[in-house]
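Participant: Provided below: run-v4.json, containing JSON, C-alpha atoms.
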[["chain", "number", "residue", "atom", "x", "y", "z"],
["A", 1500, "MET", "CA", -12.86, -11.87, 5.94],
["A", 1501, "GLY", "CA", -11.09, -14.45, 3.78],
["A", 1502, "VAL", "CA", -7.80, -13.71, 5.54],
["A", 1503, "ILE", "CA", -9.31, -14.31, 8.99],
["A", 1504, "ILE", "CA", -11.04, -17.52, 7.86],
["A", 1505, "GLY", "CA", -7.81, -18.77, 6.30],
["A", 1506, "ILE", "CA", -5.80, -18.12, 9.47],
["A", 1507, "ILE", "CA", -8.42, -19.88, 11.60],
["A", 1508, "VAL", "CA", -8.48, -22.89, 9.26],
["A", 1509, "GLY", "CA", -4.67, -23.06, 9.17],
["A", 1510, "ILE", "CA", -4.17, -22.81, 12.93],
["A", 1511, "GLY", "CA", -7.11, -25.11, 13.63],
["A", 1512, "SER", "CA", -5.78, -27.77, 11.27],
["A", 1513, "CYS", "CA", -2.29, -27.54, 12.74],
["A", 1514, "LEU", "CA", -3.41, -27.78, 16.35],
["A", 1515, "GLY", "CA", -6.09, -30.35, 15.56],
["A", 1516, "GLY", "CA", -3.64, -32.62, 13.79],
["A", 1517, "PHE", "CA", -1.12, -32.25, 16.60],
["A", 1518, "VAL", "CA", -3.72, -33.19, 19.22],
["A", 1519, "ALA", "CA", -4.93, -36.11, 17.09],
["A", 1520, "MET", "CA", -1.37, -37.48, 17.09],
["A", 1521, "GLY", "CA", -1.43, -37.42, 20.89],
["A", 1522, "GLY", "CA", 0.41, -34.14, 21.38],
["A", 1523, "HIS", "CA", -0.34, -31.62, 24.10],
["A", 1524, "VAL", "CA", -1.22, -28.11, 22.90],
["A", 1525, "GLY", "CA", 0.34, -26.57, 26.01],
["A", 1526, "VAL", "CA", 3.78, -27.64, 24.78],
["A", 1527, "ILE", "CA", 3.46, -25.28, 21.79],
["A", 1528, "TRP", "CA", 2.84, -22.28, 24.01],
["A", 1529, "GLN", "CA", 6.37, -21.04, 24.71],
["A", 1530, "PRO", "CA", 5.83, -17.28, 25.15],
["A", 1531, "PHE", "CA", 9.50, -16.31, 25.24],
["A", 1532, "GLU", "CA", 10.14, -18.08, 21.94],
["A", 1533, "TYR", "CA", 7.37, -15.94, 20.43],
["A", 1534, "VAL", "CA", 8.87, -12.81, 22.01],
["A", 1535, "ILE", "CA", 12.30, -13.56, 20.53],
["A", 1536, "ILE", "CA", 11.11, -14.37, 17.02],
["A", 1537, "LEU", "CA", 8.36, -11.77, 16.61],
["A", 1538, "GLY", "CA", 10.44, -9.12, 18.36],
["A", 1539, "ILE", "CA", 13.40, -9.61, 16.03],
["A", 1540, "ALA", "CA", 11.02, -9.68, 13.04],
["A", 1541, "LEU", "CA", 9.47, -6.38, 14.10],
["A", 1542, "GLY", "CA", 12.91, -4.86, 14.65],
["A", 1543, "THR", "CA", 14.15, -5.86, 11.19],
["A", 1544, "PHE", "CA", 10.91, -4.57, 9.66],
["A", 1545, "ILE", "CA", 11.44, -1.17, 11.31],
["A", 1546, "ILE", "CA", 15.10, -1.08, 10.24],
["A", 1547, "ALA", "CA", 14.35, -1.92, 6.62],
["A", 1548, "ASN", "CA", 11.47, 0.48, 5.97],
["A", 1549, "PRO", "CA", 10.81, 4.22, 6.27],
["A", 1550, "MET", "CA", 8.04, 5.34, 8.61],
["A", 1551, "SER", "CA", 5.70, 6.05, 5.68],
["A", 1552, "THR", "CA", 5.94, 2.42, 4.54],
["A", 1553, "ILE", "CA", 5.50, 1.15, 8.11],
["A", 1554, "LYS", "CA", 2.29, 3.15, 8.49],
["A", 1555, "ASP", "CA", 1.08, 2.15, 5.02],
["A", 1556, "THR", "CA", 1.72, -1.51, 5.84],
["A", 1557, "GLY", "CA", -0.77, -1.24, 8.70],
["A", 1558, "VAL", "CA", -3.29, 0.26, 6.29],
["A", 1559, "GLY", "CA", -2.50, -2.43, 3.72],
["A", 1560, "ILE", "CA", -3.05, -5.24, 6.23],
["A", 1561, "ALA", "CA", -6.41, -3.74, 7.23],
["A", 1562, "GLN", "CA", -7.39, -3.46, 3.56],
["A", 1563, "ALA", "CA", -6.30, -7.04, 2.88],
["A", 1564, "VAL", "CA", -8.35, -8.34, 5.80],
["A", 1565, "SER", "CA", -11.43, -6.37, 4.74],
["A", 1566, "GLY", "CA", -10.84, -6.96, 1.02],
["A", 1567, "LYS", "CA", -11.06, -3.23, 0.37],
["A", 1568, "GLY", "CA", -10.79, -2.64, -3.35],
["A", 1569, "PRO", "CA", -12.90, -1.20, -6.16],
["A", 1570, "LYS", "CA", -16.12, -3.10, -6.79],
["A", 1571, "ARG", "CA", -18.47, -3.26, -9.76],
["A", 1572, "LYS", "CA", -20.39, -0.16, -8.60],
["A", 1573, "ASP", "CA", -17.12, 1.77, -8.28],
["A", 1574, "PHE", "CA", -16.18, 0.91, -11.85],
["A", 1575, "LEU", "CA", -19.62, 2.04, -13.03],
["A", 1576, "ALA", "CA", -19.22, 5.31, -11.15],
["A", 1577, "LEU", "CA", -15.82, 5.90, -12.73],
["A", 1578, "LEU", "CA", -17.15, 5.16, -16.22],
["A", 1579, "GLY", "CA", -20.04, 7.54, -15.57],
["A", 1580, "LEU", "CA", -17.66, 10.31, -14.50],
["A", 1581, "LEU", "CA", -15.42, 9.77, -17.52],
["A", 1582, "TYR", "CA", -18.37, 9.84, -19.88],
["A", 1583, "ALA", "CA", -19.70, 13.09, -18.40],
["A", 1584, "LEU", "CA", -16.24, 14.64, -18.52],
["A", 1585, "MET", "CA", -15.56, 13.57, -22.12],
["A", 1586, "ARG", "CA", -18.95, 14.87, -23.15],
["A", 1587, "GLU", "CA", -18.04, 18.25, -21.65],
["A", 1588, "LEU", "CA", -14.69, 18.17, -23.41],
["A", 1589, "ARG", "CA", -16.43, 17.51, -26.70],
["A", 1590, "ALA", "CA", -19.30, 20.00, -26.42],
["A", 1591, "LYS", "CA", -18.21, 22.89, -24.18],
["A", 1592, "PRO", "CA", -15.66, 25.66, -24.64],
["A", 1593, "ARG", "CA", -12.32, 25.42, -22.90],
["A", 1594, "ASN", "CA", -13.06, 27.90, -20.11],
["A", 1595, "GLU", "CA", -16.18, 26.00, -18.97],
["A", 1596, "VAL", "CA", -14.39, 22.64, -18.88],
["A", 1597, "GLU", "CA", -11.43, 24.10, -17.03],
["A", 1598, "GLN", "CA", -13.70, 25.07, -14.16],
["A", 1599, "HIS", "CA", -14.46, 21.40, -13.51],
["A", 1600, "ILE", "CA", -10.88, 20.15, -13.62],
["A", 1601, "ASP", "CA", -9.39, 23.11, -11.74],
["A", 1602, "ASN", "CA", -11.87, 22.80, -8.85],
["A", 1603, "PRO", "CA", -13.26, 19.24, -8.84],
["A", 1604, "HIS", "CA", -14.71, 19.60, -5.33],
["A", 1605, "ASP", "CA", -16.90, 22.47, -6.60],
["A", 1606, "SER", "CA", -17.75, 20.74, -9.87],
["A", 1607, "ALA", "CA", -21.34, 19.66, -10.55],
["A", 1608, "ILE", "CA", -19.91, 16.64, -12.41],
["A", 1609, "PHE", "CA", -17.47, 15.39, -9.77],
["A", 1610, "GLN", "CA", -19.93, 15.97, -6.93],
["A", 1611, "ASN", "CA", -22.23, 13.37, -8.49],
["A", 1612, "PHE", "CA", -19.53, 10.75, -7.88],
["A", 1613, "PRO", "CA", -18.50, 11.13, -4.21],
["A", 1614, "THR", "CA", -16.66, 7.80, -4.10],
["A", 1615, "ILE", "CA", -14.37, 8.96, -6.90],
["A", 1616, "LEU", "CA", -13.98, 12.43, -5.44],
["A", 1617, "LYS", "CA", -13.00, 10.88, -2.10],
["A", 1618, "ASP", "CA", -9.99, 9.26, -3.77],
["A", 1619, "LYS", "CA", -7.75, 12.32, -4.02],
["A", 1620, "GLU", "CA", -5.01, 10.56, -5.97],
["A", 1621, "LEU", "CA", -7.39, 9.24, -8.64],
["A", 1622, "THR", "CA", -9.23, 12.58, -8.87],
["A", 1623, "GLN", "CA", -5.95, 14.43, -9.36],
["A", 1624, "TYR", "CA", -4.92, 11.89, -12.00],
["A", 1625, "ILE", "CA", -8.14, 12.46, -13.97],
["A", 1626, "CYS", "CA", -7.91, 16.24, -13.71],
["A", 1627, "ASP", "CA", -4.24, 16.40, -14.71],
["A", 1628, "TYR", "CA", -4.76, 14.57, -17.97],
["A", 1629, "ALA", "CA", -8.10, 16.20, -18.73],
["A", 1630, "ARG", "CA", -6.24, 19.50, -18.42],
["A", 1631, "LEU", "CA", -3.64, 18.33, -20.94],
["A", 1632, "ILE", "CA", -6.44, 17.38, -23.34],
["A", 1633, "VAL", "CA", -8.00, 20.83, -22.92],
["A", 1634, "ILE", "CA", -4.69, 22.49, -23.77],
["A", 1635, "GLY", "CA", -4.91, 20.70, -27.11],
["A", 1636, "ASN", "CA", -1.23, 20.69, -28.12],
["A", 1637, "ALA", "CA", -0.27, 17.30, -26.67],
["A", 1638, "ARG", "CA", -0.02, 14.21, -28.85],
["A", 1639, "SER", "CA", -1.88, 11.10, -27.72],
["A", 1640, "HIS", "CA", 1.18, 8.84, -27.72],
["A", 1641, "GLU", "CA", 3.07, 11.31, -25.54],
["A", 1642, "ILE", "CA", 0.19, 11.50, -23.07],
["A", 1643, "GLU", "CA", -0.14, 7.71, -23.07],
["A", 1644, "ALA", "CA", 3.55, 7.27, -22.22],
["A", 1645, "LEU", "CA", 3.24, 9.81, -19.41],
["A", 1646, "MET", "CA", 0.13, 8.09, -18.02],
["A", 1647, "GLU", "CA", 1.81, 4.69, -18.11],
["A", 1648, "GLN", "CA", 4.81, 6.09, -16.27],
["A", 1649, "GLU", "CA", 2.58, 7.54, -13.55],
["A", 1650, "ILE", "CA", 0.62, 4.29, -13.23],
["A", 1651, "ALA", "CA", 3.90, 2.40, -12.79],
["A", 1652, "THR", "CA", 4.89, 4.86, -10.05],
["A", 1653, "VAL", "CA", 1.52, 4.55, -8.30],
["A", 1654, "LYS", "CA", 1.71, 0.76, -8.44],
["A", 1655, "LYS", "CA", 5.29, 0.76, -7.12],
["A", 1656, "TYR", "CA", 4.38, 2.72, -4.01],
["A", 1657, "LYS", "CA", 1.04, 1.02, -3.44],
["A", 1658, "THR", "CA", 2.67, -2.42, -3.43],
["A", 1659, "LYS", "CA", 5.59, -1.48, -1.16],
["A", 1660, "PRO", "CA", 3.82, -2.86, 1.96],
["A", 1661, "ALA", "CA", 3.47, -6.23, 0.25],
["A", 1662, "GLY", "CA", 7.20, -6.31, -0.45],
["A", 1663, "ALA", "CA", 7.99, -5.28, 3.12],
["A", 1664, "VAL", "CA", 5.85, -8.06, 4.62],
["A", 1665, "SER", "CA", 7.24, -10.56, 2.11],
["A", 1666, "THR", "CA", 10.81, -9.70, 3.15],
["A", 1667, "VAL", "CA", 9.98, -10.37, 6.80],
["A", 1668, "ALA", "CA", 8.27, -13.63, 5.81],
["A", 1669, "GLU", "CA", 11.40, -14.81, 4.04],
["A", 1670, "ALA", "CA", 13.46, -14.13, 7.17],
["A", 1671, "MET", "CA", 11.11, -15.86, 9.64],
["A", 1672, "PRO", "CA", 12.52, -19.43, 9.28],
["A", 1673, "ALA", "CA", 16.02, -18.11, 10.03],
["A", 1674, "LEU", "CA", 14.69, -16.12, 12.99],
["A", 1675, "GLY", "CA", 13.07, -19.32, 14.23],
["A", 1676, "ILE", "CA", 16.49, -20.99, 14.11],
["A", 1677, "CYS", "CA", 17.92, -18.11, 16.17],
["A", 1678, "ALA", "CA", 15.32, -18.75, 18.87],
["A", 1679, "ALA", "CA", 15.95, -22.49, 18.65],
["A", 1680, "VAL", "CA", 19.71, -22.00, 19.09],
["A", 1681, "LEU", "CA", 19.12, -19.89, 22.18],
["A", 1682, "GLY", "CA", 16.86, -22.63, 23.51],
["A", 1683, "ILE", "CA", 19.53, -25.28, 22.88],
["A", 1684, "VAL", "CA", 22.09, -23.12, 24.68],
["A", 1685, "LYS", "CA", 19.71, -23.04, 27.65],
["A", 1686, "ALA", "CA", 19.28, -26.82, 27.44],
["A", 1687, "MET", "CA", 23.04, -27.39, 27.37],
["A", 1688, "GLY", "CA", 23.26, -25.44, 30.61],
["A", 1689, "ALA", "CA", 21.03, -28.08, 32.19],
["A", 1690, "ILE", "CA", 22.84, -31.09, 30.74],
["A", 1691, "ASP", "CA", 23.26, -32.53, 34.23],
["A", 1692, "GLN", "CA", 19.51, -32.52, 34.88],
["A", 1693, "SER", "CA", 17.17, -35.48, 34.46],
["A", 1694, "PRO", "CA", 16.14, -36.59, 30.95],
["A", 1695, "GLU", "CA", 12.61, -35.30, 31.62],
["A", 1696, "ILE", "CA", 13.79, -31.76, 32.32],
["A", 1697, "LEU", "CA", 16.35, -31.82, 29.52],
["A", 1698, "GLY", "CA", 13.75, -33.13, 27.07],
["A", 1699, "HIS", "CA", 11.42, -30.27, 28.03],
["A", 1700, "TYR", "CA", 14.15, -27.71, 27.33],
["A", 1701, "ILE", "CA", 15.03, -29.25, 23.96],
["A", 1702, "GLY", "CA", 11.36, -29.48, 22.97],
["A", 1703, "SER", "CA", 10.86, -25.82, 23.88],
["A", 1704, "ALA", "CA", 13.85, -24.89, 21.73],
["A", 1705, "LEU", "CA", 12.48, -26.77, 18.71],
["A", 1706, "ILE", "CA", 9.22, -24.86, 19.02],
["A", 1707, "GLY", "CA", 11.19, -21.80, 17.87],
["A", 1708, "THR", "CA", 11.90, -23.44, 14.51],
["A", 1709, "PHE", "CA", 8.24, -24.40, 14.20],
["A", 1710, "ILE", "CA", 7.08, -20.85, 14.96],
["A", 1711, "GLY", "CA", 9.40, -19.33, 12.38],
["A", 1712, "ILE", "CA", 8.34, -21.70, 9.60],
["A", 1713, "PHE", "CA", 4.64, -21.50, 10.46],
["A", 1714, "PHE", "CA", 4.51, -17.70, 10.54],
["A", 1715, "SER", "CA", 6.52, -17.48, 7.33],
["A", 1716, "TYR", "CA", 4.59, -19.87, 5.09],
["A", 1717, "ALA", "CA", 1.17, -20.00, 6.74],
["A", 1718, "ILE", "CA", 0.60, -16.35, 7.71],
["A", 1719, "LEU", "CA", 3.01, -13.69, 6.45],
["A", 1720, "SER", "CA", 3.63, -14.94, 2.89],
["A", 1721, "PRO", "CA", -0.11, -15.38, 2.12],
["A", 1722, "LEU", "CA", -0.81, -12.01, 3.78],
["A", 1723, "ALA", "CA", 1.81, -10.32, 1.59],
["A", 1724, "ALA", "CA", 0.24, -11.90, -1.49],
["A", 1725, "LYS", "CA", -3.21, -10.66, -0.43],
["A", 1726, "ILE", "CA", -1.93, -7.13, 0.19],
["A", 1727, "LYS", "CA", -0.35, -7.11, -3.27],
["A", 1728, "LEU", "CA", -3.56, -8.40, -4.87],
["A", 1729, "VAL", "CA", -5.71, -5.74, -3.18],
["A", 1730, "ARG", "CA", -3.28, -2.91, -3.94],
["A", 1731, "GLU", "CA", -2.93, -3.94, -7.60],
["A", 1732, "LYS", "CA", -6.70, -3.93, -7.86],
["A", 1733, "GLN", "CA", -6.69, -0.39, -6.50],
["A", 1734, "CYS", "CA", -4.51, 0.58, -9.47],
["A", 1735, "GLN", "CA", -7.12, -0.65, -11.97],
["A", 1736, "PRO", "CA", -9.13, 2.63, -12.04],
["A", 1737, "PHE", "CA", -6.01, 4.45, -13.25],
["A", 1738, "VAL", "CA", -5.76, 2.02, -16.19],
["A", 1739, "ILE", "CA", -9.44, 2.56, -17.02],
["A", 1740, "VAL", "CA", -8.90, 6.33, -17.07],
["A", 1741, "LYS", "CA", -5.86, 5.99, -19.28],
["A", 1742, "GLN", "CA", -7.48, 3.74, -21.86],
["A", 1743, "SER", "CA", -10.64, 5.85, -22.03],
["A", 1744, "LEU", "CA", -8.94, 9.22, -22.35],
["A", 1745, "ILE", "CA", -6.37, 7.99, -24.87],
["A", 1746, "ALA", "CA", -9.15, 6.51, -27.01],
["A", 1747, "TYR", "CA", -10.98, 9.85, -26.80],
["A", 1748, "MET", "CA", -7.82, 11.72, -27.83],
["A", 1749, "ASN", "CA", -7.48, 9.41, -30.81],
["A", 1750, "GLY", "CA", -10.93, 10.46, -32.04],
["A", 1751, "ALA", "CA", -13.31, 7.95, -30.45],
["A", 1752, "LEU", "CA", -16.74, 9.11, -29.36],
["A", 1753, "PRO", "CA", -17.25, 9.16, -25.56],
["A", 1754, "GLN", "CA", -19.41, 6.01, -25.69],
["A", 1755, "ILE", "CA", -16.73, 4.14, -27.66],
["A", 1756, "ALA", "CA", -13.92, 5.52, -25.49],
["A", 1757, "LEU", "CA", -15.67, 4.03, -22.43],
["A", 1758, "GLU", "CA", -15.50, 0.61, -24.05],
["A", 1759, "HIS", "CA", -11.71, 0.88, -24.20],
["A", 1760, "GLY", "CA", -11.71, 1.43, -20.45],
["A", 1761, "ARG", "CA", -14.39, -1.16, -19.67],
["A", 1762, "LYS", "CA", -12.47, -3.91, -21.43],
["A", 1763, "THR", "CA", -9.55, -3.54, -19.03],
["A", 1764, "ILE", "CA", -11.74, -4.70, -16.11],
["A", 1765, "SER", "CA", -11.61, -8.40, -15.19],
["A", 1766, "SER", "CA", -14.55, -10.39, -16.53],
["A", 1767, "ALA", "CA", -15.73, -11.25, -13.01],
["A", 1768, "GLU", "CA", -16.35, -7.59, -12.15],
["A", 1769, "ARG", "CA", -16.75, -5.99, -15.57],
["A", 1770, "PRO", "CA", -20.08, -4.18, -16.00],
["A", 1771, "THR", "CA", -22.02, -5.20, -19.07],
["A", 1772, "ILE", "CA", -22.64, -2.81, -21.96],
["A", 1773, "ASP", "CA", -26.27, -2.54, -20.88],
["A", 1774, "GLU", "CA", -25.23, -1.62, -17.33],
["A", 1775, "VAL", "CA", -22.88, 1.04, -18.65],
["A", 1776, "GLU", "CA", -25.62, 2.36, -20.90],
["A", 1777, "SER", "CA", -28.28, 2.50, -18.19],
["A", 1778, "GLU", "CA", -26.20, 3.53, -15.17],
["A", 1779, "ALA", "CA", -23.18, 5.37, -16.55],
["A", 1780, "ILE", "CA", -24.28, 6.98, -19.80],
["A", 1781, "SER", "CA", -28.01, 7.59, -19.38],
["A", 1782, "ASN", "CA", -27.58, 8.98, -15.86],
["A", 1783, "ALA", "CA", -24.45, 11.00, -16.58],
["A", 1784, "PRO", "CA", -24.76, 14.49, -15.11],
["A", 1785, "SER", "CA", -24.35, 17.62, -17.17],
["A", 1786, "GLY", "CA", -21.73, 20.17, -16.29],
["A", 1787, "GLY", "CA", -24.18, 22.80, -15.14],
["A", 1788, "ALA", "CA", -23.01, 25.74, -13.16],
["A", 1789, "MET", "CA", -20.19, 25.50, -10.68],
["A", 1790, "GLN", "CA", -21.26, 25.10, -7.09],
["A", 1791, "GLN", "CA", -20.61, 28.10, -4.90],
["A", 1792, "ALA", "CA", -18.00, 27.50, -2.24],
["A", 1793, "ALA", "CA", -19.40, 27.43, 1.28]]
Before anything else, please render the file you have as C-alpha cells.
Facilitator:
Amino acid sequence: MGVIIGIIVGIGSCLGGFVAMGGHVGVIWQPFEYVIILGIALGTFIIANPMSTIKDTGVGIAQAVSGKGPKRKDFLALLGLLYALMRELRAKPRNEVEQHIDNPHDSAIFQNFPTILKDKELTQYICDYARLIVIGNARSHEIEALMEQEIATVKKYKTKPAGAVSTVAEAMPALGICAAVLGIVKAMGAIDQSPEILGHYIGSALIGTFIGIFFSYAILSPLAAKIKLVREKQCQPFVIVKQSLIAYMNGALPQIALEHGRKTISSAERPTIDEVESEAISNAPSGGAMQQAA
C-alpha cells in the first residue's frame, strides 16, 4: 500500500506543480515517447536477466506493493516450532525425532505451524540442520559456517529482482535521451514549419528526457529499494533458525536458545519474552505420533 500511495503522491505533486505554473497536462501525454522509452527498458530487462529472474521480479514487485514479509505472529510461530523441535531433540531418541524431520508434512509438530510449513525453503532449511544435529558428529562451528553460507546464497537469489530493477532504473535517464534525440530529429525535419509547430515538436522531444528521469528516480529506484527491503526481511527467519540451533548445539537449553534467535529480530517487530513464553513455549506441541498419510 505504501508503494501505491507514494506513486500517487509523487505523480500528483509533479502534475499539480506543473499546472500551478500554468502548464497544460496534455502536453506531457506523448504516448510514442512512452512507447520508445518503456519498450527499450523492457527489452534491456529481458536481455539482461534469465526467465526465472524475470518471473521472480513480477513476484517481487507484487510483494513490495503488498508489503509481504514475516510479521510478529510469524516470528512467534517460528520460535514455537523451534522450541518444540529442540525439546524433541533433547528428550526423544533419534529414531522418533527423525520421523519429524524426514516427513515434516506428516509431523504432528510441523502441522501445528502451517505458515512455516507452507514455506518449503524455510522448512527444508530447518529439517536439514536438525538432521545434522541428530547425527551428532558435526561440530557447531562447522554447522554455523554452513548455515551462514546457505543464508548468503538465499539472500543473493532473493534480492536478484531488486538488482534487476535497479539496473533498469539506472539506464532510464539515458533511454529518455534516446527518445528525446529521436524527437529532435523529427523536429529538424520540420524546420521550415511555423514556430508554433516547431515548438510543439521540440517540446514533445524534451518530454522524453523528463519521462526517463522521472521513472528512474521517482518510481523504479524506490521500487527496487522496497523489493530489496522486503526480500531481506524474508531472509530473517533463516537467521533466527541459525542462531537458535547453534546456541542449542553449544549446550543452551531450548528456552535460552530461543533468546539467541529472538534477539536477531528488529526491535519494532520483536516479540517480548512474555509473548514467547505464553505463545511459543507454553503452547508448543508435543511430538506425538506421526500422522497417517491420506
Participant: Considering all atoms listed in the file, return as number ranges by chain whatever protein or nucleic-acid residues lie within 12 Å of A:Ala1717, sequence-local ones (same chain, fewer than 5 positions apart) excluded.
Facilitator: A: 1502, 1505-1513, 1668-1669, 1671-1672, 1709-1712, 1722-1724
Participant: To one decimal in Å, tell me the separation between atom CA of A:Ala1590 and atom CA of A:Ala1629.
Facilitator: 14.1 Å
Participant: Looking at A:Gly1635, A:Leu1577, A:Ile1560, A:Asp1627, which one is nearest to A:Phe1609, with distances taken over only C-alpha atoms?
Facilitator: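 When distances to A:Phe1609 are compared using only C-alpha atoms, the smallest one comes from A:Leu1577.
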Participant: Just the residues within 12 Å of A:Gln1562, please, counting all atoms listed in the file, with nothing from its chain fewer than 2 positions along; format it as a count of residues only.
Facilitator: 28
Participant: Give the answer as one residue: which of A:Leu1578, A:Leu1514, A:Ala1547, A:Phe1612 has the shortest atom-to-atom distance to A:Ser1777, using all atoms listed in the file?
Facilitator: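 Of A:Leu1578, A:Leu1514, A:Ala1547, A:Phe1612, the one nearest A:Ser1777 is A:Leu1578, counting all atoms listed in the file.
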Participant: So which residues touch A:Leu1674 within 8 Å, counting all atoms listed in the file, skipping near sequence neighbours fewer than 2 positions away, as a VMD selection string?
Facilitator: chain A and resid 1536 1539 to 1540 1670 to 1672 1676 to 1678 1708 1711
Participant: Could you save the residues just selected, with C-alpha atoms, as a short mmCIF file (atom, residue, chain, number, x, y, z; two decimals), keeping the file's coordinate frame?
Facilitator:
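Contents of result-v8.cif, freshly written:
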data_model
loop_
_atom_site.label_atom_id
_atom_site.label_comp_id
_atom_site.auth_asym_id
_atom_site.auth_seq_id
_atom_site.Cartn_x
_atom_site.Cartn_y
_atom_site.Cartn_z
CA ILE A 1536 11.11 -14.37 17.02
CA ILE A 1539 13.40 -9.61 16.03
CA ALA A 1540 11.02 -9.68 13.04
CA ALA A 1670 13.46 -14.13 7.17
CA MET A 1671 11.11 -15.86 9.64
CA PRO A 1672 12.52 -19.43 9.28
CA ILE A 1676 16.49 -20.99 14.11
CA CYS A 1677 17.92 -18.11 16.17
CA ALA A 1678 15.32 -18.75 18.87
CA THR A 1708 11.90 -23.44 14.51
CA GLY A 1711 9.40 -19.33 12.38
#
Participant: Can you tell me which residues surround A:Glu1774 at a distance of at most 12 Å, considering all atoms listed in the file, apart from same-chain residues fewer than 3 positions away, and format the answer as an NGL selection string?
Facilitator: :A and (1571-1572 or 1574-1576 or 1578-1579 or 1761 or 1768-1771 or 1777-1782)
Participant: Provide the atom CA of A:Ile1683 to atom CA of A:Tyr1700 distance in Å, to one decimal place.
Facilitator: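 Computing it gives 7.4 Å between the two atoms.
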Participant: From the set A:Lys1619, A:Arg1630, A:Arg1638, A:Lys1685, which residue has the shortest atom-to-atom contact distance to A:Glu1597, counting only C-alpha atoms?
Facilitator: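 Once distances to A:Glu1597 are computed over only C-alpha atoms, the minimum belongs to A:Arg1630.
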Participant: Tell me which residues come within 7 Å of (7.9, -16.5, 2.5), as a list in words, counting only C-alpha atoms in the file's coordinates.
Facilitator: Ser1665, Ala1668, Glu1669, Ser1715, Tyr1716, Leu1719 and Ser1720 of chain A
Participant: Mind listing whatever residues come within 8 Å of the point (-19.8, 5.3, -22.1)? Use only C-alpha atoms, file coordinates, and give them as number ranges by chain.
Facilitator: A: 1578-1579, 1581-1582, 1753-1758, 1775-1776, 1779-1780
Participant: Give the answer as one residue: which of A:Val1664, A:Ile1608, A:Lys1570, A:Ser1765 has the shortest atom-to-atom distance to A:Arg1586, using all atoms listed in the file?
Facilitator: A:Ile1608
Participant: One number please: atom CA of A:Lys1741 to atom CA of A:Val1633, in Å, one decimal.
Facilitator: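 For atom CA of A:Lys1741 relative to atom CA of A:Val1633, the distance reads 15.4 Å.
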Participant: Out of A:Met1748, A:Val1684, A:Ala1519, A:Cys1734, which residue has the shortest atom-to-atom distance to A:Ile1634 when counting all atoms listed in the file?
Facilitator: A:Met1748
Participant: So which residues touch A:Thr1622 within 12 Å, counting all atoms listed in the file, skipping near sequence neighbours fewer than 6 positions away, as a list of chain:residue names?
Facilitator: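 Near A:Thr1622, the qualifying residues are A:Leu1577, A:Leu1580, A:Leu1581, A:His1599, A:Ile1600, A:Asp1601, A:Asn1602, A:Pro1603, A:His1604, A:Ser1606, A:Ile1608, A:Phe1609, A:Gln1610, A:Phe1612, A:Pro1613, A:Thr1614, A:Ile1615, A:Leu1616, A:Tyr1628, A:Ala1629, A:Pro1736, A:Phe1737, A:Val1740.
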Participant: For A:Val1680, which of A:Ala1561, A:Val1596, A:Glu1641, A:Ile1535 is the closest residue, counting all atoms listed in the file?
Facilitator: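 With all atoms listed in the file as the atom set, the closest residue is A:Ile1535.
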Participant: Could you add the missing atoms to stretch 1645-1656 of chain A, up to N, CA and C atoms, and return them as a PDB file, keeping the file's coordinate frame?
Facilitator:
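Output below, filename out36.pdb:
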ATOM      1  N   LEU A1645       3.198   9.129 -20.713  1.00  0.00           N
ATOM      2  CA  LEU A1645       3.240   9.810 -19.410  1.00  0.00           C
ATOM      3  C   LEU A1645       2.289   9.142 -18.417  1.00  0.00           C
ATOM      4  N   MET A1646       1.104   8.753 -18.887  1.00  0.00           N
ATOM      5  CA  MET A1646       0.130   8.090 -18.020  1.00  0.00           C
ATOM      6  C   MET A1646       0.649   6.730 -17.557  1.00  0.00           C
ATOM      7  N   GLU A1647       1.262   5.995 -18.465  1.00  0.00           N
ATOM      8  CA  GLU A1647       1.810   4.690 -18.110  1.00  0.00           C
ATOM      9  C   GLU A1647       2.922   4.821 -17.075  1.00  0.00           C
ATOM     10  N   GLN A1648       3.740   5.861 -17.231  1.00  0.00           N
ATOM     11  CA  GLN A1648       4.810   6.090 -16.270  1.00  0.00           C
ATOM     12  C   GLN A1648       4.235   6.401 -14.888  1.00  0.00           C
ATOM     13  N   GLU A1649       3.182   7.213 -14.844  1.00  0.00           N
ATOM     14  CA  GLU A1649       2.580   7.540 -13.550  1.00  0.00           C
ATOM     15  C   GLU A1649       1.899   6.327 -12.928  1.00  0.00           C
ATOM     16  N   ILE A1650       1.245   5.505 -13.750  1.00  0.00           N
ATOM     17  CA  ILE A1650       0.620   4.290 -13.230  1.00  0.00           C
ATOM     18  C   ILE A1650       1.669   3.359 -12.628  1.00  0.00           C
ATOM     19  N   ALA A1651       2.817   3.242 -13.307  1.00  0.00           N
ATOM     20  CA  ALA A1651       3.900   2.400 -12.790  1.00  0.00           C
ATOM     21  C   ALA A1651       4.395   2.932 -11.439  1.00  0.00           C
ATOM     22  N   THR A1652       4.463   4.259 -11.314  1.00  0.00           N
ATOM     23  CA  THR A1652       4.890   4.860 -10.050  1.00  0.00           C
ATOM     24  C   THR A1652       3.871   4.614  -8.947  1.00  0.00           C
ATOM     25  N   VAL A1653       2.592   4.799  -9.274  1.00  0.00           N
ATOM     26  CA  VAL A1653       1.520   4.550  -8.300  1.00  0.00           C
ATOM     27  C   VAL A1653       1.555   3.099  -7.833  1.00  0.00           C
ATOM     28  N   LYS A1654       1.694   2.180  -8.779  1.00  0.00           N
ATOM     29  CA  LYS A1654       1.710   0.760  -8.440  1.00  0.00           C
ATOM     30  C   LYS A1654       2.931   0.422  -7.580  1.00  0.00           C
ATOM     31  N   LYS A1655       4.065   1.029  -7.884  1.00  0.00           N
ATOM     32  CA  LYS A1655       5.290   0.760  -7.120  1.00  0.00           C
ATOM     33  C   LYS A1655       5.099   1.114  -5.654  1.00  0.00           C
ATOM     34  N   TYR A1656       4.529   2.288  -5.393  1.00  0.00           N
ATOM     35  CA  TYR A1656       4.380   2.720  -4.010  1.00  0.00           C
ATOM     36  C   TYR A1656       3.208   2.052  -3.310  1.00  0.00           C
TER      37      TYR A1656
END
